[in-house]
2 protein chains.
Amino acid sequence: MLQQIAPPSYENVADAARRLAGHAVRTPLLRNDLLDDLTGARIFVKAECLQRTGSFKFRGAFNRISRLSDAEKARGVIAYSSGNHAQGVAAAARLNGTSAKILMPTDAPRSKVDGVTFWGGEVISFDRATQSREEMGRAIAEAEGRILVPPYEDPFIIAGQGTAGLEAAEQLAEYGAGADMVICGAGGGGLIAGVGLAMLHHHPATQIFVAEPEGFDDHGRSLASGRRETNDRLTGSICDAIITPTPGELTWSLNAQQLAGSAAVSDEDALDAMAFAWRHLKIVTEPGGIVALAAVLSGKLDVAGRTVCVFATGGNVDRAMFTRALERA
Amino acid sequence: MLQQIAPPSYENVADAARRLAGHAVRTPLLRNDLLDDLTGARIFVKAECLQRTGSFKFRGAFNRISRLSDAEKARGVIAYSSGNHAQGVAAAARLNGTSAKILMPTDAPRSKVDGVTFWGGEVISFDRATQSREEMGRAIAEAEGRILVPPYEDPFIIAGQGTAGLEAAEQLAEYGAGADMVICGAGGGGLIAGVGLAMLHHHPATQIFVAEPEGFDDHGRSLASGRRETNDRLTGSICDAIITPTPGELTWSLNAQQLAGSAAVSDEDALDAMAFAWRHLKIVTEPGGIVALAAVLSGKLDVAGRTVCVFATGGNVDRAMFTRALERA
């Protein structure tokens with residue numbers, strides 16, 4: 001049972017970083033003069049859209065799959081994902097010599113499906129509104145003996161994602177800076193849990209903020225109520241990458257302690273942030289991958305006078321959606 | 001007279017790197033699994049579109065302007081540029097406490113004009129087809145006592161641009177690699193001259209290739225004839241960033257020795273490369289900034305089996321042009 005699994009520690013993140021060396025990209029920490037001018041803050045953007053497979057998800061997937069035994073690798077892995085975890089798992093499976101089946105929602109962006117296929121992953125479609133990907137995943141795992149690689153409820157996954165935070169802390173130190181604030185999007189909360197572990201280890205005074213889509217702000221509401229809250233629905237946001245029913249149990253055991261606050265951004269905020277990232281940062285992001293910057297640019301988090309590390313978590317976006325963002329530039 | 005100026009040496013590039021530390025971005029060296037699969041090569045992309053001001057031009061401008069005396073800084077600088085050098089000079093002027101006037105063609109992309117204005121530079125328009133920016137620049141320089149910061153005919157500019165190559169050589173070494181081929185766009189040839197100095201110092205067997213727009217392949221034709229050839233026209237390409245009349249005299253004194261070959265790419269090749277960079281590398285590039293990758297993807301340079309360092313030199317592009325590229329994705 002998941003609730004019996006211990007959450008990862010900072011040491012697990014450091015161990016994951018050693019495991020990922022030479023496989024994951026050490027993504028750059030970008031800054032921009034206009035962004036600092038506009039906000040009155042000193043903002044650093046950890047560009048995980050430049051990660052292998054186009055999102056941070058490769059980190060956790062590689063950390064998890066590289067730990068499989070040869071017998072487990074012979075059986076293969078299975079995962080469910082709106083697309084970024086899917087690509088991360090497919091790539092990590094290929095690079096570790098095993099096979100992957102991936103459950104993807106029927107409304108997953110085409111580019112994400114293509115990414116899975118490129119890595120030799122087998123895609124199985126499901127309806128996000130009516131079918132439970134968790135149940136389908138478990139059923140196939142049992143029938144075929146495949147190892148389930150969950151998107152966030154796993155200590156190796158969380159620790160792997162946390163390597164993005166470890167790098168950011170090291171890169172901030174190169175600037176002689178420590179972050180007053182970290183802002184990171186969350187679906188299940190794996191990335192922000194791991195990032196929190198790493199950043200708080202290096203700079204305990206850092207405040208960790210979660211950014212979510214309006215109407216899907218389960219982390220923000222959970223933080224307010226003190227217990228894991230559920231979203232009313234699972235469709236209706238363009239931020240497909242970070243729409244999940246509720247914070248993970250394992251991830252929340254960390255996030256409940258580590259989070260300092262939250263912000264919810266609109267679809268328009270996310271599109272505006274994509275346009276800003278295109279025009280000024282010269283990076284390609286997807287709506288769910290840029291909610292942290294959207295929280296800053298929309299003024300929904302006050303960053304004036306602070307040193308801020310913002311996570312840009314993914315860039316796997318279809319042309320039509322990107323064009324919508326450009327039209328707002 | 002320019003012909004009496006000695007070209008920079010590798011030591012000048014190393015000195016420029018020390019000067020730029022903490023001011024320029026150490027841009028990442030990107031790689032992509034699909035790109036390697038498609039080409040049968042091992043390709044690294046030096047993403048200078050992520051440089052401060054959106055192109056490599058900041059490097060040379062900062063190196064040059066930071067060497068001005070206090071008396072020279074009191075008089076200010078002047079530059080002529082289609083936009084990327086303009087922004088580099090405006091930023092470097094501001095950061096070094098001096099003022100900048102910039103001659104920009106009337107058809108310069110709006111985003112480039114905005115970039116100059118952001119940095120407090122004063123824009124003066126000229127007609128690319130009928131007016132000589134060199135003559136206008138010299139006239140204003142004489143009238144106001146401003147220091148002309150040329151786009152490429154200056155040892156400090158060439159050495160500054162060369163720091164991009166120095167970084168790339170160091171980053172390749174981190175991968176345990178040395179480049180068999182370097183591919184870089186050229187307008188006046190300052191970047192590729194400096195990059196050649198740096199890359200050949202670290203890996204003398206590297207072959208340096210220049211990529212240019214079709215119909216504006218003055219470097220390619222100069223390489224073939226053994227003397228500096230001139231382009232028939234200065235308009236008619238979407239690669240505005242790298243359209244110049246002829247290779248620089250100072251830059252050519254290096255490039256004539258350093259270049260191993262050339263390729264000319266079409267506007268469509270450049271747009272396709274922009275689309276590839278958007279979809280797979282997650283970076284924003286402009287047509288003239290991605291001709292080197294275009295030479296690879298179009299097959300105009302054969303890279304199979306080689307380790308290749310491709311320079312993506314700029315990302316300052318208007319929405320309409322970017323949309324044209326997306327439509328080809």
# chains A, B, ... in the order shown; residues from 1 in each chain; ligands from 1
>>> interface_residues(of="chain A", to="chain B", cutoff="9 Å", atoms="only C-alpha atoms", output="VMD selection string")
chain A and resid 22 25 to 28 30 to 34 49 to 50 52 to 54 111 118 175 278 to 285 315 to 319 322 to 323 326 to 327 329
>>> select_by_dssp(residues="segment 207-267 of chain A", states="alpha helix (DSSP H)", output="MDAnalysis selection string")
chainID A and resid 218:225 249:258 267
>>> select_by_dssp(residues="segment 60-215 of chain A", states="strand (DSSP E or B)", output="ChimeraX atom specification")
/A:77-80,100-105,122-126,147-148,181-185,207-213
>>> write_last_selection(atoms="C-alpha atoms", output="PDB file, in the first residue's frame")
ATOM      1  CA  VAL A  77       7.024  -1.314 -17.591  1.00  0.00           C
ATOM      2  CA  ILE A  78       3.651   0.358 -17.848  1.00  0.00           C
ATOM      3  CA  ALA A  79       2.638   3.933 -17.095  1.00  0.00           C
ATOM      4  CA  TYR A  80      -0.338   6.254 -17.363  1.00  0.00           C
ATOM      5  CA  ALA A 100       7.007   0.346 -22.170  1.00  0.00           C
ATOM      6  CA  LYS A 101       3.244   0.422 -22.579  1.00  0.00           C
ATOM      7  CA  ILE A 102       1.687   3.818 -21.934  1.00  0.00           C
ATOM      8  CA  LEU A 103      -1.923   4.684 -21.149  1.00  0.00           C
ATOM      9  CA  MET A 104      -2.650   8.121 -22.612  1.00  0.00           C
ATOM     10  CA  PRO A 105      -5.914  10.102 -22.579  1.00  0.00           C
ATOM     11  CA  GLU A 122       3.230   1.371 -27.154  1.00  0.00           C
ATOM     12  CA  VAL A 123       0.311   3.806 -26.652  1.00  0.00           C
ATOM     13  CA  ILE A 124      -3.042   2.651 -25.235  1.00  0.00           C
ATOM     14  CA  SER A 125      -5.787   5.314 -25.239  1.00  0.00           C
ATOM     15  CA  PHE A 126      -8.271   5.976 -22.447  1.00  0.00           C
ATOM     16  CA  ILE A 147       6.147  -2.922 -13.501  1.00  0.00           C
ATOM     17  CA  LEU A 148       3.932   0.111 -12.967  1.00  0.00           C
ATOM     18  CA  MET A 181      10.899  31.981  -3.208  1.00  0.00           C
ATOM     19  CA  VAL A 182      10.540  28.918  -5.385  1.00  0.00           C
ATOM     20  CA  ILE A 183       7.457  28.711  -7.608  1.00  0.00           C
ATOM     21  CA  CYS A 184       6.580  25.425  -9.254  1.00  0.00           C
ATOM     22  CA  GLY A 185       3.508  23.948 -10.896  1.00  0.00           C
ATOM     23  CA  GLN A 207       9.522  29.600   0.659  1.00  0.00           C
ATOM     24  CA  ILE A 208       8.029  27.061  -1.765  1.00  0.00           C
ATOM     25  CA  PHE A 209       4.893  28.157  -3.640  1.00  0.00           C
ATOM     26  CA  VAL A 210       2.698  25.946  -5.776  1.00  0.00           C
ATOM     27  CA  ALA A 211       1.067  27.252  -8.967  1.00  0.00           C
ATOM     28  CA  GLU A 212      -2.029  25.519 -10.366  1.00  0.00           C
ATOM     29  CA  PRO A 213      -4.780  26.137 -12.923  1.00  0.00           C
TER      30      PRO A 213
END
>>> decode(residues="segment 142-187 of chain A", atoms="N, CA and C atoms", output="mmCIF file, in the first residue's frame")
data_model
loop_
_atom_site.group_PDB
_atom_site.id
_atom_site.type_symbol
_atom_site.label_atom_id
_atom_site.label_comp_id
_atom_site.auth_asym_id
_atom_site.auth_seq_id
_atom_site.Cartn_x
_atom_site.Cartn_y
_atom_site.Cartn_z
ATOM 1 N N GLU A 142 -0.869 -6.307 -13.856
ATOM 2 C CA GLU A 142 -1.068 -7.645 -13.296
ATOM 3 C C GLU A 142 -1.123 -8.700 -14.393
ATOM 4 N N ALA A 143 -1.836 -8.392 -15.485
ATOM 5 C CA ALA A 143 -2.001 -9.382 -16.545
ATOM 6 C C ALA A 143 -0.675 -9.724 -17.221
ATOM 7 N N GLU A 144 0.190 -8.742 -17.398
ATOM 8 C CA GLU A 144 1.418 -8.953 -18.176
ATOM 9 C C GLU A 144 2.674 -8.987 -17.318
ATOM 10 N N GLY A 145 2.503 -8.802 -16.023
ATOM 11 C CA GLY A 145 3.678 -8.799 -15.154
ATOM 12 C C GLY A 145 4.535 -7.553 -15.293
ATOM 13 N N ARG A 146 3.988 -6.511 -15.925
ATOM 14 C CA ARG A 146 4.759 -5.273 -16.110
ATOM 15 C C ARG A 146 4.850 -4.489 -14.800
ATOM 16 N N ILE A 147 5.932 -3.766 -14.674
ATOM 17 C CA ILE A 147 6.147 -2.922 -13.501
ATOM 18 C C ILE A 147 5.470 -1.580 -13.748
ATOM 19 N N LEU A 148 4.592 -1.186 -12.847
ATOM 20 C CA LEU A 148 3.932 0.111 -12.967
ATOM 21 C C LEU A 148 4.908 1.215 -12.549
ATOM 22 N N VAL A 149 5.088 2.188 -13.432
ATOM 23 C CA VAL A 149 5.904 3.367 -13.094
ATOM 24 C C VAL A 149 4.937 4.517 -12.870
ATOM 25 N N PRO A 150 4.581 4.783 -11.618
ATOM 26 C CA PRO A 150 3.570 5.800 -11.348
ATOM 27 C C PRO A 150 4.109 7.196 -11.641
ATOM 28 N N PRO A 151 3.215 8.137 -11.933
ATOM 29 C CA PRO A 151 3.692 9.473 -12.295
ATOM 30 C C PRO A 151 4.272 10.248 -11.114
ATOM 31 N N TYR A 152 3.858 9.915 -9.896
ATOM 32 C CA TYR A 152 4.412 10.688 -8.768
ATOM 33 C C TYR A 152 4.433 9.926 -7.449
ATOM 34 N N GLU A 153 3.616 8.910 -7.264
ATOM 35 C CA GLU A 153 3.545 8.226 -5.972
ATOM 36 C C GLU A 153 4.623 7.167 -5.829
ATOM 37 N N ASP A 154 5.857 7.597 -5.817
ATOM 38 C CA ASP A 154 6.984 6.669 -5.769
ATOM 39 C C ASP A 154 8.208 7.454 -5.303
ATOM 40 N N PRO A 155 8.930 6.942 -4.320
ATOM 41 C CA PRO A 155 10.077 7.702 -3.793
ATOM 42 C C PRO A 155 11.163 7.953 -4.845
ATOM 43 N N PHE A 156 11.387 6.986 -5.745
ATOM 44 C CA PHE A 156 12.411 7.188 -6.774
ATOM 45 C C PHE A 156 11.982 8.251 -7.783
ATOM 46 N N ILE A 157 10.676 8.277 -8.082
ATOM 47 C CA ILE A 157 10.165 9.310 -8.994
ATOM 48 C C ILE A 157 10.334 10.688 -8.362
ATOM 49 N N ILE A 158 9.897 10.825 -7.142
ATOM 50 C CA ILE A 158 9.992 12.122 -6.467
ATOM 51 C C ILE A 158 11.456 12.559 -6.361
ATOM 52 N N ALA A 159 12.320 11.632 -5.983
ATOM 53 C CA ALA A 159 13.742 11.973 -5.846
ATOM 54 C C ALA A 159 14.339 12.360 -7.194
ATOM 55 N N GLY A 160 13.932 11.634 -8.233
ATOM 56 C CA GLY A 160 14.434 11.970 -9.573
ATOM 57 C C GLY A 160 14.014 13.364 -9.991
ATOM 58 N N GLN A 161 12.734 13.692 -9.814
ATOM 59 C CA GLN A 161 12.276 15.052 -10.160
ATOM 60 C C GLN A 161 13.027 16.080 -9.318
ATOM 61 N N GLY A 162 13.326 15.711 -8.097
ATOM 62 C CA GLY A 162 14.010 16.651 -7.210
ATOM 63 C C GLY A 162 15.384 17.067 -7.697
ATOM 64 N N THR A 163 15.969 16.272 -8.601
ATOM 65 C CA THR A 163 17.281 16.663 -9.119
ATOM 66 C C THR A 163 17.223 17.990 -9.876
ATOM 67 N N ALA A 164 16.053 18.329 -10.396
ATOM 68 C CA ALA A 164 15.911 19.646 -11.036
ATOM 69 C C ALA A 164 16.103 20.750 -9.999
ATOM 70 N N GLY A 165 15.590 20.507 -8.802
ATOM 71 C CA GLY A 165 15.767 21.482 -7.729
ATOM 72 C C GLY A 165 17.193 21.522 -7.217
ATOM 73 N N LEU A 166 17.821 20.374 -7.163
ATOM 74 C CA LEU A 166 19.218 20.315 -6.728
ATOM 75 C C LEU A 166 20.107 21.106 -7.688
ATOM 76 N N GLU A 167 19.881 20.894 -8.978
ATOM 77 C CA GLU A 167 20.645 21.672 -9.964
ATOM 78 C C GLU A 167 20.382 23.165 -9.807
ATOM 79 N N ALA A 168 19.118 23.519 -9.638
ATOM 80 C CA ALA A 168 18.772 24.943 -9.507
ATOM 81 C C ALA A 168 19.465 25.555 -8.302
ATOM 82 N N ALA A 169 19.509 24.815 -7.190
ATOM 83 C CA ALA A 169 20.181 25.332 -5.992
ATOM 84 C C ALA A 169 21.671 25.538 -6.270
ATOM 85 N N GLU A 170 22.275 24.589 -6.972
ATOM 86 C CA GLU A 170 23.703 24.725 -7.304
ATOM 87 C C GLU A 170 23.924 25.885 -8.267
ATOM 88 N N GLN A 171 23.021 26.022 -9.242
ATOM 89 C CA GLN A 171 23.178 27.090 -10.228
ATOM 90 C C GLN A 171 22.946 28.461 -9.599
ATOM 91 N N LEU A 172 21.994 28.541 -8.667
ATOM 92 C CA LEU A 172 21.791 29.797 -7.945
ATOM 93 C C LEU A 172 23.047 30.149 -7.154
ATOM 94 N N ALA A 173 23.675 29.153 -6.551
ATOM 95 C CA ALA A 173 24.887 29.408 -5.767
ATOM 96 C C ALA A 173 25.997 29.981 -6.650
ATOM 97 N N GLU A 174 26.027 29.553 -7.941
ATOM 98 C CA GLU A 174 27.024 30.115 -8.860
ATOM 99 C C GLU A 174 26.807 31.614 -9.059
ATOM 100 N N TYR A 175 25.570 32.040 -8.924
ATOM 101 C CA TYR A 175 25.257 33.472 -8.996
ATOM 102 C C TYR A 175 25.442 34.143 -7.626
ATOM 103 N N GLY A 176 25.871 33.378 -6.635
ATOM 104 C CA GLY A 176 25.962 33.911 -5.280
ATOM 105 C C GLY A 176 24.604 34.150 -4.651
ATOM 106 N N ALA A 177 23.583 33.463 -5.171
ATOM 107 C CA ALA A 177 22.211 33.715 -4.719
ATOM 108 C C ALA A 177 21.600 32.475 -4.076
ATOM 109 N N GLY A 178 20.680 32.698 -3.193
ATOM 110 C CA GLY A 178 19.788 31.655 -2.708
ATOM 111 C C GLY A 178 18.382 32.170 -2.946
ATOM 112 N N ALA A 179 17.457 31.278 -3.247
ATOM 113 C CA ALA A 179 16.111 31.722 -3.588
ATOM 114 C C ALA A 179 15.313 32.066 -2.330
ATOM 115 N N ASP A 180 14.742 33.262 -2.314
ATOM 116 C CA ASP A 180 13.740 33.586 -1.284
ATOM 117 C C ASP A 180 12.469 32.795 -1.539
ATOM 118 N N MET A 181 12.118 32.677 -2.806
ATOM 119 C CA MET A 181 10.899 31.981 -3.208
ATOM 120 C C MET A 181 11.210 30.993 -4.331
ATOM 121 N N VAL A 182 10.570 29.852 -4.269
ATOM 122 C CA VAL A 182 10.540 28.918 -5.385
ATOM 123 C C VAL A 182 9.086 28.798 -5.809
ATOM 124 N N ILE A 183 8.826 28.870 -7.109
ATOM 125 C CA ILE A 183 7.457 28.711 -7.608
ATOM 126 C C ILE A 183 7.466 27.587 -8.632
ATOM 127 N N CYS A 184 6.571 26.635 -8.440
ATOM 128 C CA CYS A 184 6.580 25.425 -9.254
ATOM 129 C C CYS A 184 5.139 24.957 -9.449
ATOM 130 N N GLY A 185 4.813 24.534 -10.646
ATOM 131 C CA GLY A 185 3.508 23.948 -10.896
ATOM 132 C C GLY A 185 3.387 22.588 -10.225
ATOM 133 N N ALA A 186 2.133 22.113 -10.108
ATOM 134 C CA ALA A 186 1.911 20.789 -9.528
ATOM 135 C C ALA A 186 0.665 20.155 -10.111
ATOM 136 N N GLY A 187 0.813 18.885 -10.498
ATOM 137 C CA GLY A 187 -0.336 18.039 -10.804
ATOM 138 C C GLY A 187 -0.508 17.107 -9.618
#
